[in-house]
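Enquirer: This is the structure I want to talk about, given as structure tokens.
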Amino acid sequence: MPIALLALTAGAFGIGTTEFVIMGLLLQVSADLHVSITAAGLLISGYALGVAVGAPLLTIATRGLPRKTVLLALMAIFTLGNLACALAPSYELLMAARVVTSLAHGTFFGVGSVVATGLVAPERRASAIAIMFTGLTAATLLGVPAGAWLGLHFGWRAAFWAVTLIGVLAFAVLALFVPRVEGEGKPAPLGEEIAVLGRPQVLLGLAMTVLGYAGVFVVFTYIQPILTRLTGLSEAAVSPILLVFGGGLAVGNILGGRLADRAVMPAVLGTLLALAVVLGAMQFAIGTPVAAVVFVGLLGIAAFATVAPMQLRVLEKAAGAGQNLASSLNIAAFNLGNALGAWVGGAVIDHGPGLRALGWVAALLTLAGLAIALWSRALDRREGRGKAASADCASARA
């Protein structure tokens with residue numbers, strides 16, 4: 001793998017850390033800025049909303065620029081946004097800074113995915129995407145716990161100062177090692193780029209991402225009460241178990257990339273089915289501590305095994321004008337899935353059968369994503385038969 005791909009991974013690590021680090025700082029932010037824990041939790045929702053809005057807007061706004069320039073500009077926004085978070089004197093300004101920071105997220109991963117696939121041979125494209133997303137898994141495994149430790153010992157602002165430093169380093173690495181490709185700054189007409197959203201297969205790809213991945217966050221958002229109230233583990237045991245989840249993410253990320261390199265659509269179908277099975281098995285696995293730990297690890301593997309196949313599926317169906325836009329929108333779709341899953345999980349707890357039912361509800365959401373994937377594959381086969389029939393007619397006329 002070229003060093004430029006590792007530079008993209010460094011950027012992904014920084015962005016992934018700032019997305020989730022706030023989860024380990026809610027108590028400190030709440031106490032320091034005199035807001036409720038629920039209000040502090042909205043800093044996560046504000047970030048997700050910014051990703052969903054920023055992905056299409058910034059991708060369209062930067063479409064005439066070389067991709068390297070776009071990546072550097074996004075990393076500058078990310079760095080300055082985290083600096084503003086570290087200096088924010090009030091909750092409102094912290095929220096605004098979080099939203100500004102989030103604007104870079106979707107477009108960075110979207111454009112970065114396109115750049116990553118261009119750095120390797122065609123048969124390694126999914127693995128290239130997976131390598132870049134390793135930065136996100138490393139952020140979950142290392143960056144977030146480190147940020148929580150800094151917040152605990154030096155205050156929550158120290159975590160954002162550290163992420164700002166990561167942004168500076170990532171900017172330097174991207175500037176040094178990501179190549180600039182001649183001629184890529186000449187954009188297609190805006191109408192042609194937006195027209196990619198009229199392709200049924202692109203829309204189906206985005207829908208399968210939202211629903212397929214939503215199942216993960218139905219469970220993961222509430223993993224602490226699941227482990228403490230249902231399995232009977234102590235709160236102190238939750239953090240080490242989350243390291244198991246992070247390790248599973250890393251394994252699943254690589255596995256998903258290799259499967260998609262062999263065959264994209266079978267990888268999409270297989271990983272979504274595996275994720276649904278793991279989620280459905282939750283209620284059987286949380287009865288004992290050992291089984292619960294195994295479940296958390298398998299959930300991490302199954303969750304991130306879906307990422308590279310679904311991202312590459314959208315890239316393939318959006319080939320040509322609009323590929324950057326579709327790729328960025330699929331990153332936004334992952335975030336919308338996160339938000340949908342958290343909302344559905346909360347509704348099940350507050351108004352439904354409760355914590356124990358989260359697993360099968362999550363599995364149903366992922367199965368809905370799988371159903372859309374099967375629909376998409378059926379369209380592929382119909383298109384294939386149509387092309388074959390056209391070729392036969394042409395041969396007959398000849």
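Labeling convention for the structure tokens: chains A, B, ... as they appear, residues from 1 per chain, ligands from 1 in order of appearance.
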Do you have, as a tab-separated table, the list of residues of region 317-345 of chain A lying at most 9 Å from region 205-216 of chain A, each with its nearest atom pair and that distance in Å to one decimal, counting only C-alpha atoms and ordered by chain then number?
Expert:
```
residue	atom	partner	partner_atom	distance
A:Lys317	CA	A:Gly205	CA	8.3
A:Ala326	CA	A:Leu206	CA	8.4
A:Leu329	CA	A:Leu206	CA	7.5
A:Asn330	CA	A:Leu206	CA	5.6
A:Ile331	CA	A:Thr209	CA	8.8
A:Ala332	CA	A:Val210	CA	8.8
A:Ala333	CA	A:Val210	CA	5.1
A:Phe334	CA	A:Val210	CA	5.7
A:Asn335	CA	A:Val210	CA	7.8
A:Leu336	CA	A:Val210	CA	6.1
A:Gly337	CA	A:Ala214	CA	4.1
A:Asn338	CA	A:Ala214	CA	5.4
A:Ala339	CA	A:Ala214	CA	7.6
A:Leu340	CA	A:Ala214	CA	6.0
A:Gly341	CA	A:Ala214	CA	4.4
A:Ala342	CA	A:Ala214	CA	7.9
A:Val344	CA	A:Ala214	CA	8.8
```
Enquirer: Near region 189-200 of chain A, within 10 Å and counting only C-alpha atoms, which residues show up once chain neighbours fewer than 6 positions away are dropped, as an NGL selection string?
Expert: :A and (56 or 60 or 63-64 or 206 or 317-326 or 329 or 376 or 379)
Enquirer: Could you give me, as a list in words, the residues within 6 Å of region 51-53 of chain A, counting only C-alpha atoms and dropping anything in the same chain fewer than 2 positions from it?
Expert: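 With the cut-off at 6 Å, the set is Ala48, Leu49, Ala55, Ser102, Leu103, His105, Gly106 and Ala332 of chain A.
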Enquirer: Given the selection you just returned, output its residues as a file containing N, CA, C and O atoms, formatted as a short mmCIF file (atom, residue, chain, number, x, y, z; two decimals), in the first residue's frame.
Expert:
```cif
data_model
loop_
_atom_site.label_atom_id
_atom_site.label_comp_id
_atom_site.auth_asym_id
_atom_site.auth_seq_id
_atom_site.Cartn_x
_atom_site.Cartn_y
_atom_site.Cartn_z
N ALA A 48 -23.44 14.98 14.13
CA ALA A 48 -24.00 14.09 13.10
C ALA A 48 -24.81 14.89 12.08
O ALA A 48 -24.75 14.62 10.87
N LEU A 49 -25.58 15.87 12.55
CA LEU A 49 -26.36 16.71 11.64
C LEU A 49 -25.44 17.50 10.72
O LEU A 49 -25.70 17.65 9.52
N ALA A 55 -21.74 17.20 3.97
CA ALA A 55 -21.25 16.29 2.94
C ALA A 55 -21.65 16.73 1.53
O ALA A 55 -20.77 16.94 0.68
N SER A 102 -17.65 19.38 12.05
CA SER A 102 -18.30 18.23 11.41
C SER A 102 -18.50 18.42 9.91
O SER A 102 -18.64 17.44 9.17
N LEU A 103 -18.52 19.67 9.45
CA LEU A 103 -18.75 19.91 8.03
C LEU A 103 -17.70 19.23 7.16
O LEU A 103 -17.97 18.86 6.01
N HIS A 105 -16.28 16.36 7.75
CA HIS A 105 -16.24 14.90 7.94
C HIS A 105 -16.66 14.13 6.69
O HIS A 105 -15.91 13.31 6.15
N GLY A 106 -17.91 14.36 6.24
CA GLY A 106 -18.44 13.57 5.14
C GLY A 106 -17.65 13.73 3.86
O GLY A 106 -17.36 12.74 3.16
N ALA A 332 -22.45 10.40 4.76
CA ALA A 332 -23.57 11.00 5.49
C ALA A 332 -24.62 9.96 5.82
O ALA A 332 -25.24 10.00 6.90
#
```
Enquirer: List every residue of region 252-294 of chain A that has an atom at most 8 Å from any atom of region 109-127 of chain A, giving for each one its closest atom pair and the distance in Å to one decimal, counting only C-alpha atoms, sorted by chain and then by ascending residue number, as JSON lines.
Expert:
```
{"residue": "A:Ile254", "atom": "CA", "partner": "A:Ser127", "partner_atom": "CA", "distance": 7.0}
{"residue": "A:Gly257", "atom": "CA", "partner": "A:Ser127", "partner_atom": "CA", "distance": 4.3}
{"residue": "A:Arg258", "atom": "CA", "partner": "A:Ser127", "partner_atom": "CA", "distance": 5.8}
{"residue": "A:Ala260", "atom": "CA", "partner": "A:Ala126", "partner_atom": "CA", "distance": 5.7}
{"residue": "A:Asp261", "atom": "CA", "partner": "A:Ala126", "partner_atom": "CA", "distance": 5.3}
{"residue": "A:Arg262", "atom": "CA", "partner": "A:Glu123", "partner_atom": "CA", "distance": 7.7}
```
Enquirer: Could you pull the residues within 12 Å of Ile15 (chain A), counting only C-alpha atoms, minus those fewer than 6 positions along the same chain, as a VMD selection string?
Expert: chain A and resid 8 to 9 21 47 51 74 to 79 81 to 82 98 101 to 109 132 to 140 143 to 144 160 163 to 168 170 to 171
Enquirer: One decimal, Å: what's the distance from CA of Ala302 (chain A) over to CA of Val278 (chain A), could you say?
Expert: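 Taking CA of Ala302 (chain A) as the start and CA of Val278 (chain A) as the end point, the length is 7.4 Å.
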Enquirer: Would you work out the distance separating CA of Thr231 (chain A) from CA of Leu150 (chain A), expressed in Å to one decimal?
Expert: 29.2 Å
Enquirer: Set the distance at 9 Å and use only C-alpha atoms: which residues neighbour Gly359 (chain A) once local chain neighbours fewer than 2 positions away are removed? I'd like the list as a ChimeraX atom specification.
Expert: /A:215,218-219,278-283,355-357,361-364
Enquirer: Residues of region 138-272 of chain A classed as helix (DSSP H, G or I) by DSSP on the backbone are to be reported as a PyMOL selection string.
Expert: chain A and resi 138-154+156-177+190-198+200-220+223-230+235-262+264-272
Enquirer: Considering only C-alpha atoms, can you say which of A:Ile241, A:Trp360, A:Leu94, A:Gln311 comes closest to Phe284 (chain A)?
Expert: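 Result for the nearest residue to Phe284 (chain A): A:Trp360.
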Enquirer: What does the distance between CA of Ala31 (chain A) and CA of Pro89 (chain A) come to in Å, to one decimal place?
Expert: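 The value is 13.1 Å.
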Enquirer: Residues near Val307 (chain A), anyone? I mean within 8 Å using only C-alpha atoms, not counting same-chain ones fewer than 6 positions away, as a PDB file with N, CA, C and O atoms, in the first residue's frame.
Expert:
```pdb
ATOM      1  N   ALA A 130     -10.696   0.256   2.939  1.00  0.00           N
ATOM      2  CA  ALA A 130     -10.623  -0.311   4.289  1.00  0.00           C
ATOM      3  C   ALA A 130      -9.408   0.212   5.052  1.00  0.00           C
ATOM      4  O   ALA A 130      -9.494   0.500   6.249  1.00  0.00           O
ATOM      5  N   ASN A 253     -12.998  -4.439   9.556  1.00  0.00           N
ATOM      6  CA  ASN A 253     -12.650  -3.497   8.507  1.00  0.00           C
ATOM      7  C   ASN A 253     -11.778  -4.157   7.445  1.00  0.00           C
ATOM      8  O   ASN A 253     -12.041  -4.043   6.239  1.00  0.00           O
ATOM      9  N   GLY A 256     -13.829  -7.007   5.640  1.00  0.00           N
ATOM     10  CA  GLY A 256     -14.777  -6.489   4.664  1.00  0.00           C
ATOM     11  C   GLY A 256     -14.101  -6.022   3.390  1.00  0.00           C
ATOM     12  O   GLY A 256     -14.608  -6.234   2.281  1.00  0.00           O
TER      13      GLY A 256
END
```
